[in-house]
Structure formats: structure tokens, C-alpha cells
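Here is work_10.cif, consisting of mmCIF, C-alpha atoms:
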```
data_data
loop_
_atom_site.label_atom_id
_atom_site.label_comp_id
_atom_site.auth_asym_id
_atom_site.auth_seq_id
_atom_site.Cartn_x
_atom_site.Cartn_y
_atom_site.Cartn_z
CA MET P 654 149.40 -42.01 34.76
CA THR P 655 150.62 -45.43 33.70
CA GLN P 656 149.39 -48.34 31.64
CA THR P 657 149.21 -51.43 33.83
CA TRP P 658 146.21 -53.36 32.50
CA SER P 659 146.88 -56.93 31.47
CA PRO P 660 143.64 -58.93 31.19
CA ARG P 661 144.67 -62.49 32.05
CA ARG P 662 141.25 -63.63 33.32
CA VAL P 663 138.09 -62.70 31.42
CA ALA P 664 134.47 -63.49 32.32
CA ILE P 665 131.75 -63.44 29.64
CA LEU P 666 128.10 -63.16 30.70
CA GLY P 667 125.84 -64.35 27.90
CA ALA P 668 128.45 -66.70 26.46
CA SER P 669 126.04 -69.11 24.76
CA GLY P 670 124.85 -66.52 22.22
CA LEU P 671 126.42 -65.75 18.88
CA THR P 672 128.33 -62.68 20.04
CA GLY P 673 129.44 -63.97 23.44
CA ALA P 674 130.45 -67.38 22.12
CA GLY P 675 132.24 -65.78 19.18
CA LEU P 676 134.30 -63.61 21.51
CA ALA P 677 135.10 -66.58 23.74
CA HIS P 678 136.35 -68.44 20.68
CA GLN P 679 138.54 -65.52 19.59
CA LEU P 680 140.06 -65.14 23.06
CA SER P 681 140.60 -68.88 23.43
CA LEU P 682 142.88 -68.85 20.39
CA ALA P 683 145.09 -66.06 21.77
CA ASP P 684 148.11 -66.61 24.00
CA GLU P 685 147.43 -63.55 26.16
CA TYR P 686 144.75 -65.09 28.39
CA ASP P 687 145.01 -67.61 31.20
CA GLU P 688 141.32 -68.30 31.84
CA ILE P 689 138.01 -67.47 30.18
CA LEU P 690 134.97 -67.95 32.42
CA LEU P 691 131.72 -68.63 30.56
CA PHE P 692 128.35 -67.85 32.13
CA ASP P 693 124.84 -68.26 30.74
CA LEU P 694 121.46 -69.67 31.70
CA LYS P 695 121.92 -72.23 28.92
CA GLU P 696 124.63 -74.22 30.65
CA ASN P 697 124.26 -77.21 28.31
CA VAL P 698 124.97 -74.97 25.33
CA LEU P 699 128.01 -73.56 27.10
CA GLN P 700 129.34 -77.05 27.79
CA ALA P 701 128.92 -77.92 24.11
CA HIS P 702 130.65 -74.68 23.07
CA ALA P 703 133.54 -75.41 25.45
CA ILE P 704 134.07 -78.91 24.05
CA ASP P 705 134.20 -77.53 20.52
CA MET P 706 136.43 -74.58 21.42
CA ARG P 707 138.94 -76.78 23.24
CA GLU P 708 139.25 -78.94 20.15
CA ALA P 709 139.63 -75.79 18.00
CA GLN P 710 142.48 -74.76 20.30
CA ILE P 711 144.24 -78.02 19.48
CA VAL P 712 143.74 -77.44 15.75
CA ALA P 713 145.21 -73.94 16.11
CA GLY P 714 148.00 -75.04 18.43
CA ARG P 715 146.86 -72.46 20.99
CA THR P 716 145.94 -74.23 24.22
CA ARG P 717 147.07 -71.77 26.89
CA ALA P 718 143.66 -70.26 27.70
CA ARG P 719 141.58 -72.41 30.05
CA LEU P 720 137.83 -72.43 29.36
CA THR P 721 135.71 -72.68 32.51
CA VAL P 722 131.93 -73.16 32.35
CA LEU P 723 130.01 -72.10 35.45
CA PRO P 724 126.31 -71.66 36.35
CA LEU P 725 125.20 -68.06 36.21
CA ASP P 726 124.09 -68.12 39.85
CA GLU P 727 127.66 -68.94 40.91
CA ALA P 728 129.13 -65.80 39.33
CA VAL P 729 128.93 -63.78 42.54
CA ALA P 730 131.07 -66.37 44.35
CA GLN P 731 134.00 -66.25 41.93
CA THR P 732 137.33 -64.53 42.41
CA PRO P 733 137.25 -61.16 40.61
CA VAL P 734 138.63 -61.08 37.07
CA ASP P 735 140.49 -58.49 34.99
CA LEU P 736 137.67 -57.99 32.48
CA VAL P 737 133.94 -58.69 32.63
CA VAL P 738 132.09 -58.77 29.29
CA PHE P 739 128.33 -58.29 29.22
CA ALA P 740 127.09 -59.98 26.03
CA ALA P 741 123.64 -61.19 27.14
CA SER P 742 120.72 -59.97 25.06
CA LEU P 743 117.08 -60.60 24.32
CA PRO P 744 116.47 -62.04 20.82
CA GLU P 745 116.50 -59.35 18.14
CA THR P 746 113.23 -58.87 16.26
CA PRO P 747 113.13 -58.27 12.48
CA ASP P 748 111.51 -54.86 12.74
CA GLY P 749 113.31 -53.77 15.88
CA SER P 750 115.33 -50.62 16.43
CA ARG P 751 118.22 -49.79 18.73
CA GLU P 752 115.76 -47.96 20.98
CA ALA P 753 113.45 -50.99 21.02
CA PHE P 754 116.34 -53.20 22.18
CA LEU P 755 117.20 -50.83 25.00
CA GLU P 756 114.32 -51.45 27.40
CA GLY P 757 114.50 -55.25 27.12
CA ASN P 758 118.27 -55.44 27.33
CA LEU P 759 118.32 -53.01 30.24
CA GLY P 760 116.12 -55.52 32.06
CA VAL P 761 118.70 -58.22 31.35
CA LEU P 762 121.47 -55.92 32.56
CA ARG P 763 119.60 -55.22 35.79
CA ALA P 764 119.21 -58.95 36.41
CA VAL P 765 122.92 -59.71 36.07
CA GLN P 766 124.29 -56.48 37.57
CA PRO P 767 125.16 -58.17 40.91
CA ALA P 768 127.19 -60.77 39.01
CA ILE P 769 128.96 -58.06 36.99
CA SER P 770 129.84 -56.12 40.14
CA ALA P 771 131.10 -59.21 41.96
CA LEU P 772 133.23 -60.38 39.03
CA ALA P 773 134.66 -56.90 38.45
CA GLY P 774 135.63 -56.55 42.09
CA GLU P 775 137.61 -53.47 43.04
CA SER P 776 139.69 -53.11 39.89
CA GLY P 777 138.31 -55.12 36.95
CA LEU P 778 137.09 -53.39 33.80
CA VAL P 779 133.64 -54.00 32.32
CA MET P 780 133.00 -54.16 28.57
CA ILE P 781 129.44 -53.86 27.23
CA LEU P 782 128.80 -55.70 23.95
CA THR P 783 125.00 -55.75 24.13
CA ASN P 784 123.19 -53.10 22.09
CA PRO P 785 122.92 -50.19 22.55
CA ALA P 786 126.35 -50.53 24.15
CA ASP P 787 126.92 -46.84 24.91
CA VAL P 788 123.54 -46.28 26.59
CA LEU P 789 123.77 -49.55 28.54
CA ALA P 790 127.28 -48.66 29.71
CA THR P 791 125.88 -45.41 31.10
CA CYS P 792 122.96 -47.26 32.67
CA LEU P 793 125.34 -49.68 34.39
CA ALA P 794 127.22 -46.71 35.84
CA HIS P 795 123.92 -45.56 37.38
CA LEU P 796 122.87 -49.04 38.52
CA SER P 797 126.10 -50.10 40.22
CA ASP P 798 128.89 -48.83 42.43
CA ILE P 799 131.46 -49.53 39.71
CA ASP P 800 133.48 -46.44 38.81
CA PRO P 801 132.03 -45.26 35.46
CA ALA P 802 135.58 -44.95 34.11
CA ARG P 803 136.02 -48.71 34.54
CA ILE P 804 133.07 -49.35 32.19
CA PHE P 805 133.31 -49.07 28.41
CA GLY P 806 131.18 -50.02 25.41
CA TYR P 807 132.16 -51.75 22.19
CA CYS P 808 131.67 -49.44 19.20
CA LEU P 809 134.31 -50.39 16.61
CA ASN P 810 131.67 -51.56 14.11
CA ASP P 811 130.65 -47.97 13.31
CA SER P 812 134.19 -47.17 12.13
CA ILE P 813 134.31 -50.41 10.14
CA ARG P 814 131.06 -49.59 8.34
CA PHE P 815 132.23 -46.05 7.65
CA THR P 816 135.44 -47.48 6.18
CA ALA P 817 133.46 -49.91 4.02
CA ALA P 818 131.19 -47.12 2.73
CA ILE P 819 134.20 -44.98 1.76
CA ALA P 820 135.79 -47.95 -0.03
CA ARG P 821 132.59 -48.56 -2.00
CA GLU P 822 132.37 -44.91 -2.99
CA LEU P 823 135.99 -44.70 -4.10
CA LYS P 824 136.14 -48.26 -5.43
CA VAL P 825 139.33 -49.03 -3.51
CA ASP P 826 140.40 -51.79 -1.13
CA PRO P 827 139.17 -50.86 2.38
CA THR P 828 142.52 -51.81 3.92
CA ARG P 829 143.95 -48.68 2.27
CA ILE P 830 141.62 -46.44 4.29
CA ASP P 831 141.92 -45.11 7.85
CA ALA P 832 138.54 -43.87 9.08
CA LEU P 833 136.98 -43.26 12.48
CA VAL P 834 133.49 -42.73 13.89
CA VAL P 835 132.96 -41.24 17.35
CA GLY P 836 129.93 -39.89 19.22
CA GLU P 837 126.87 -42.11 19.61
CA HIS P 838 126.42 -45.64 18.30
CA GLY P 839 123.66 -45.23 15.71
CA ASP P 840 121.98 -42.06 14.53
CA GLY P 841 124.17 -39.78 16.65
CA GLN P 842 127.40 -41.07 15.18
CA VAL P 843 130.03 -38.49 14.23
CA PRO P 844 132.15 -39.43 11.20
CA VAL P 845 135.61 -37.90 11.56
CA TRP P 846 135.90 -36.49 8.05
CA SER P 847 138.87 -34.35 9.08
CA GLY P 848 140.97 -37.42 9.86
CA LEU P 849 140.38 -39.53 6.76
CA ARG P 850 143.47 -41.16 5.25
CA LEU P 851 144.04 -43.09 2.04
CA ASP P 852 147.39 -44.88 1.93
CA SER P 853 148.31 -42.82 5.03
CA ALA P 854 147.80 -39.54 3.16
CA PRO P 855 145.00 -37.03 3.99
CA LEU P 856 141.85 -37.75 2.01
CA GLU P 857 139.59 -34.92 0.85
CA LEU P 858 136.10 -35.74 -0.39
CA THR P 859 133.49 -33.63 -2.15
CA ALA P 860 130.20 -32.72 -0.50
CA ASP P 861 128.37 -35.15 -2.79
CA GLN P 862 130.77 -37.97 -1.91
CA ARG P 863 130.33 -37.28 1.80
CA ALA P 864 126.55 -37.32 1.45
CA ARG P 865 126.54 -40.68 -0.32
CA ILE P 866 129.01 -42.21 2.13
CA ASP P 867 127.07 -40.91 5.12
CA ALA P 868 123.79 -42.32 3.79
CA ASP P 869 125.47 -45.65 3.09
CA ALA P 870 127.00 -45.95 6.57
CA ARG P 871 123.88 -44.79 8.42
CA GLY P 872 121.67 -47.10 6.35
CA TRP P 873 123.52 -50.23 7.48
CA PHE P 874 121.14 -51.10 10.32
CA ARG P 875 118.01 -50.81 8.19
CA ARG P 876 119.53 -52.90 5.40
CA TRP P 877 120.52 -55.54 7.93
CA SER P 878 117.07 -55.54 9.58
CA ASP P 879 115.32 -55.82 6.22
CA LEU P 880 117.09 -59.17 5.71
CA ARG P 881 115.37 -60.42 8.90
CA PRO P 882 118.36 -62.50 10.06
CA GLY P 883 117.05 -62.79 13.61
CA ARG P 884 120.54 -62.36 15.04
CA SER P 885 123.23 -59.79 15.67
CA SER P 886 126.59 -59.38 13.97
CA GLY P 887 128.26 -62.73 14.58
CA TRP P 888 131.65 -62.38 12.90
CA THR P 889 132.59 -58.70 12.96
CA THR P 890 131.59 -58.02 16.57
CA PRO P 891 133.45 -60.96 18.20
CA LEU P 892 136.58 -60.30 16.14
CA GLY P 893 136.30 -56.55 16.65
CA SER P 894 135.78 -56.87 20.40
CA ALA P 895 138.80 -59.17 20.69
CA ARG P 896 140.76 -56.60 18.68
CA THR P 897 139.55 -53.83 21.00
CA ILE P 898 140.62 -55.73 24.13
CA ALA P 899 144.02 -56.52 22.66
CA GLY P 900 144.48 -52.91 21.52
CA LEU P 901 143.68 -51.47 24.95
CA ALA P 902 146.04 -53.97 26.59
CA ALA P 903 148.78 -52.88 24.17
CA ASP P 904 148.26 -49.19 25.03
CA GLU P 905 146.79 -48.48 21.59
CA PRO P 906 144.04 -45.82 21.44
CA MET P 907 140.79 -47.59 20.53
CA PRO P 908 137.32 -46.22 19.71
CA VAL P 909 135.14 -47.24 22.65
CA ALA P 910 132.21 -45.73 24.51
CA VAL P 911 134.08 -44.07 27.37
CA TRP P 912 132.86 -42.02 30.34
CA ARG P 913 132.92 -38.24 29.88
CA ARG P 914 130.93 -35.26 31.08
CA ASP P 915 129.40 -32.65 28.78
CA ALA P 916 129.54 -28.88 29.27
CA GLU P 917 126.62 -29.06 31.72
CA GLY P 918 128.25 -31.76 33.82
CA ASN P 919 126.05 -34.66 32.65
CA GLY P 920 127.96 -37.92 32.34
CA SER P 921 127.59 -40.51 29.60
CA HIS P 922 129.61 -43.11 27.73
CA THR P 923 130.49 -41.54 24.39
CA THR P 924 132.61 -43.15 21.68
CA LEU P 925 136.07 -41.57 21.55
CA LEU P 926 139.61 -42.79 21.15
CA ALA P 927 140.58 -44.06 24.59
CA VAL P 928 143.35 -45.85 26.48
CA VAL P 929 143.67 -47.60 29.84
CA ARG P 930 145.37 -45.52 32.53
CA ASP P 931 145.66 -46.48 36.20
CA GLY P 932 142.79 -48.94 36.06
CA ALA P 933 140.41 -46.68 34.11
CA VAL P 934 139.47 -46.26 30.46
CA VAL P 935 140.05 -42.60 29.63
CA PRO P 936 139.66 -40.58 26.41
CA THR P 937 142.73 -39.28 24.66
CA PRO P 938 142.94 -35.54 23.87
CA LEU P 939 140.43 -34.54 21.20
CA ASP P 940 143.00 -32.93 18.91
CA TYR P 941 142.10 -35.45 16.19
CA LEU P 942 138.72 -33.67 15.79
CA ASP P 943 137.91 -30.33 14.21
CA ASP P 944 135.62 -27.79 15.89
CA ALA P 945 132.44 -29.02 14.18
CA GLU P 946 133.21 -32.62 15.13
CA ARG P 947 133.86 -31.64 18.76
CA ALA P 948 130.52 -29.84 18.89
CA ALA P 949 128.78 -32.90 17.43
CA VAL P 950 130.43 -35.11 20.05
CA ASP P 951 129.12 -32.80 22.79
CA GLU P 952 125.62 -33.15 21.33
CA ALA P 953 125.99 -36.92 21.24
CA SER P 954 127.12 -36.99 24.88
CA ALA P 955 124.10 -34.98 25.96
CA ALA P 956 121.75 -37.21 23.94
CA LEU P 957 123.25 -40.36 25.47
CA ALA P 958 122.92 -38.99 28.99
CA ASP P 959 119.27 -38.18 28.30
CA LYS P 960 118.57 -41.63 26.82
CA ALA P 961 120.15 -43.38 29.80
CA SER P 962 118.15 -41.23 32.21
CA ARG P 963 114.85 -41.88 30.40
CA ALA P 964 115.60 -45.61 30.13
CA GLY P 965 116.23 -45.81 33.85
CA ALA P 966 112.94 -44.06 34.58
CA LEU P 967 111.05 -46.43 32.27
CA THR P 968 112.31 -49.54 34.04
CA HIS P 969 111.77 -48.40 37.64
#
```
Could I get this file's structure written as C-alpha cells?
Amino acid sequence: MTQTWSPRRVAILGASGLTGAGLAHQLSLADEYDEILLFDLKENVLQAHAIDMREAQIVAGRTRARLTVLPLDEAVAQTPVDLVVFAASLPETPDGSREAFLEGNLGVLRAVQPAISALAGESGLVMILTNPADVLATCLAHLSDIDPARIFGYCLNDSIRFTAAIARELKVDPTRIDALVVGEHGDGQVPVWSGLRLDSAPLELTADQRARIDADARGWFRRWSDLRPGRSSGWTTPLGSARTIAGLAADEPMPVAVWRRDAEGNGSHTTLLAVVRDGAVVPTPLDYLDDAERAAVDEASAALADKASRAGALTH
């Protein structure tokens, strides 16, 4: 298998929102992209974003990427792109949960699925940013004829929050820590304790330290919701998703929700380290996990498959 993916043209559905617009801005300042197509129902907002982003490109001295604003209903008529990003979402409510977002955002996904399929064509990849990204990636695999291995979900934030929790516990700079979360985005996340590194050296933690770190990382969503911001992560997610795209294009294993089947043959998009091979996003060998972590990943895969199945039944 070979690495041949070079995303020169990217389409973002839901590009007027905080996450979609933030990603468009990040990509517009990189020299790796030729064109970024922006789609949303709020075309006036997109036009305003594009004006601002083009001027930001001049400030940064990075004007290669062309920003193209198009009506959402014209998406199906466009030439297929290398990467389609689904970033559209219903407004987040203060007391919402990831499960509560699922039904509404699945409705949005259903509405734009024809546009996603048309823009992806026969070989484009599809990245899900909308929460819950892993379940929605699996739902899209069921809804469309797109090969499930061409669909992946953004999940880097879990590893970032795990890293931050470790840094707080140890009172060290987080850039000194290498940490990874796999499994499910949310409650079914699997911290890879066996792979922790501090200054590139193996890091061993006590049971009490692990318990505090785990509670800290898993409590992020509730702490965020209690602030009632009325929005999603607007700085970390756009920057992290741009980093994920660049990493995959550079043949660097990245934590994304990638298609895999569990022991019973049920398929779901589960967060693992993955790379692009022959037009598909595929997991790398799981030798970076210990036996307990592998078992937890299998449980997460089964749970994700079940959630996607139940979500599909609810919206039929």
C-alpha cells in the first residue's frame, strides 16, 4: 500500500459557523491548498468571512489558497474535491449532552448527505467535525455509498485534554508530555496509559494520579457546559483539525475515528492512530496498546456501532 493523498482542494459544509470558519481560516493560511470551497445556508456570512480571510492572507503573506463561496444547493454540481469536511451543526444548548446533539446533527447530516457524496466523488475523503464525530462518521457510512474507509472523524481534542490533565497533575509544561486517547469520543474514551511519555521517556503514574487525571479529563465537557458558552470549541478544534489534515497528508499517524470491525463483525468509526493508504484511512497496528487497552477499544467499537444503529432507527 502507498501514500498518495495530497488534499489540494477542500470543501467545507457548514463554513459560516465557528468551527467551519475557523478551519477555513487555518487552511487559507497554509501553502498546501489550491482552493477551499465554502458552503452554508448563510451565504452572506460566508461572503463576509471570505473578505476577511483574504485580507488575513495578505497580512500573513500566504495567498496561494483560493477561497470560493458557493450556495449550498450548488454543491452537487461541483467537481469532486480531495477532502470534504462536514462541520454543520445545530446550535449547542447549555444543558446538552453528546447524545442530545446526535439526533439533531444526524438530521443535518441526512440533509446534506447528497452534497457530501457528490463532492467526495469516487476518491475524496470525508472528515466529520460535527459532534459526536465518531458516531456521525458511522452513520454517514450507513447513509451513503461512500466507502466507510474514506470517512474519518476528528478526535484529537480528547488527547489534548488528556495531556492538559496530566500536565496539571504533575505541574509541568504540557509540551513535555506525549499522551494519546483512543476508543470513543466522550465517556468511552480509552486513555493510553501504557504509552505516556515525559521528555520522551516512559512515564509511570500511581493509581491515585491516574484517578485524578482521568476524572479531570472526563469532566471537561461538564465544566465547559456549566459555563453556558452556547458554542463549540472555536480555537482548538479548527487548529487541531488543520493539524490532523496536514499530518495525514504527511504520512504521520494521527488519532482519528477510523473504520474498523469488532470481533463480532460490527463496523464503526473508532479513534485509533491511522494513516492514509491507497485512498483510504486505515488504522496502524495496535502494538502501541496493552491488552487491557485493546479490550477497552473493542468495547468502544461495539458501543459506537450500537449508538449509530439506534440513532439511525430513531431518525427513520
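For the pair CA of Arg865 in chain P and CA of Arg829 in chain P, the separation is 19.3 Å.
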Could you list, as a PyMOL selection string, every residue matched by the PyMOL selection byres ((chain P and resi 665-681) around 9) in this structure? chain P and resi 663-664+682-686+688-696+698-699+702-703+706-707+709-710+715-720+725+736-742+765+768-769+782-783+884-888+890-895
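Checking P:Ile866, P:Val911, P:Leu926, P:Ala860 one by one against Leu789 in chain P, counting all atoms listed in the file, you find the shortest gap at P:Val911.
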From (126.1, -37.1, 7.5), in the file's coordinates, out to 12 Å: which residues are reached, counting only C-alpha atoms? Answer as a PyMOL selection string. chain P and resi 815+834+839-846+860-872+946+949
Step by step: start from the point (134.8, -31.2, 19.4) in the file's coordinates, keep every protein, DNA or RNA residue that has an atom no farther than 12 Å from it, count all atoms listed in the file, and write the set as number ranges by chain. P: 835-836, 843-845, 847, 915-916, 925, 938-954
Selection: 7 Å around range 774-779 of chain P, only C-alpha atoms, excl. self and same-chain fewer than 3 positions, as a VMD selection string: chain P and resid 733 to 738 770 to 771 803 to 805 932
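CA of Ile830 in chain P is positioned 29.8 Å from CA of Ala933 in chain P.
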Would you compute the distance between CA of Ser797 in chain P and CA of Arg662 in chain P? Give it in Å to one decimal.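 That distance, rounded to one decimal, is 21.5 Å.
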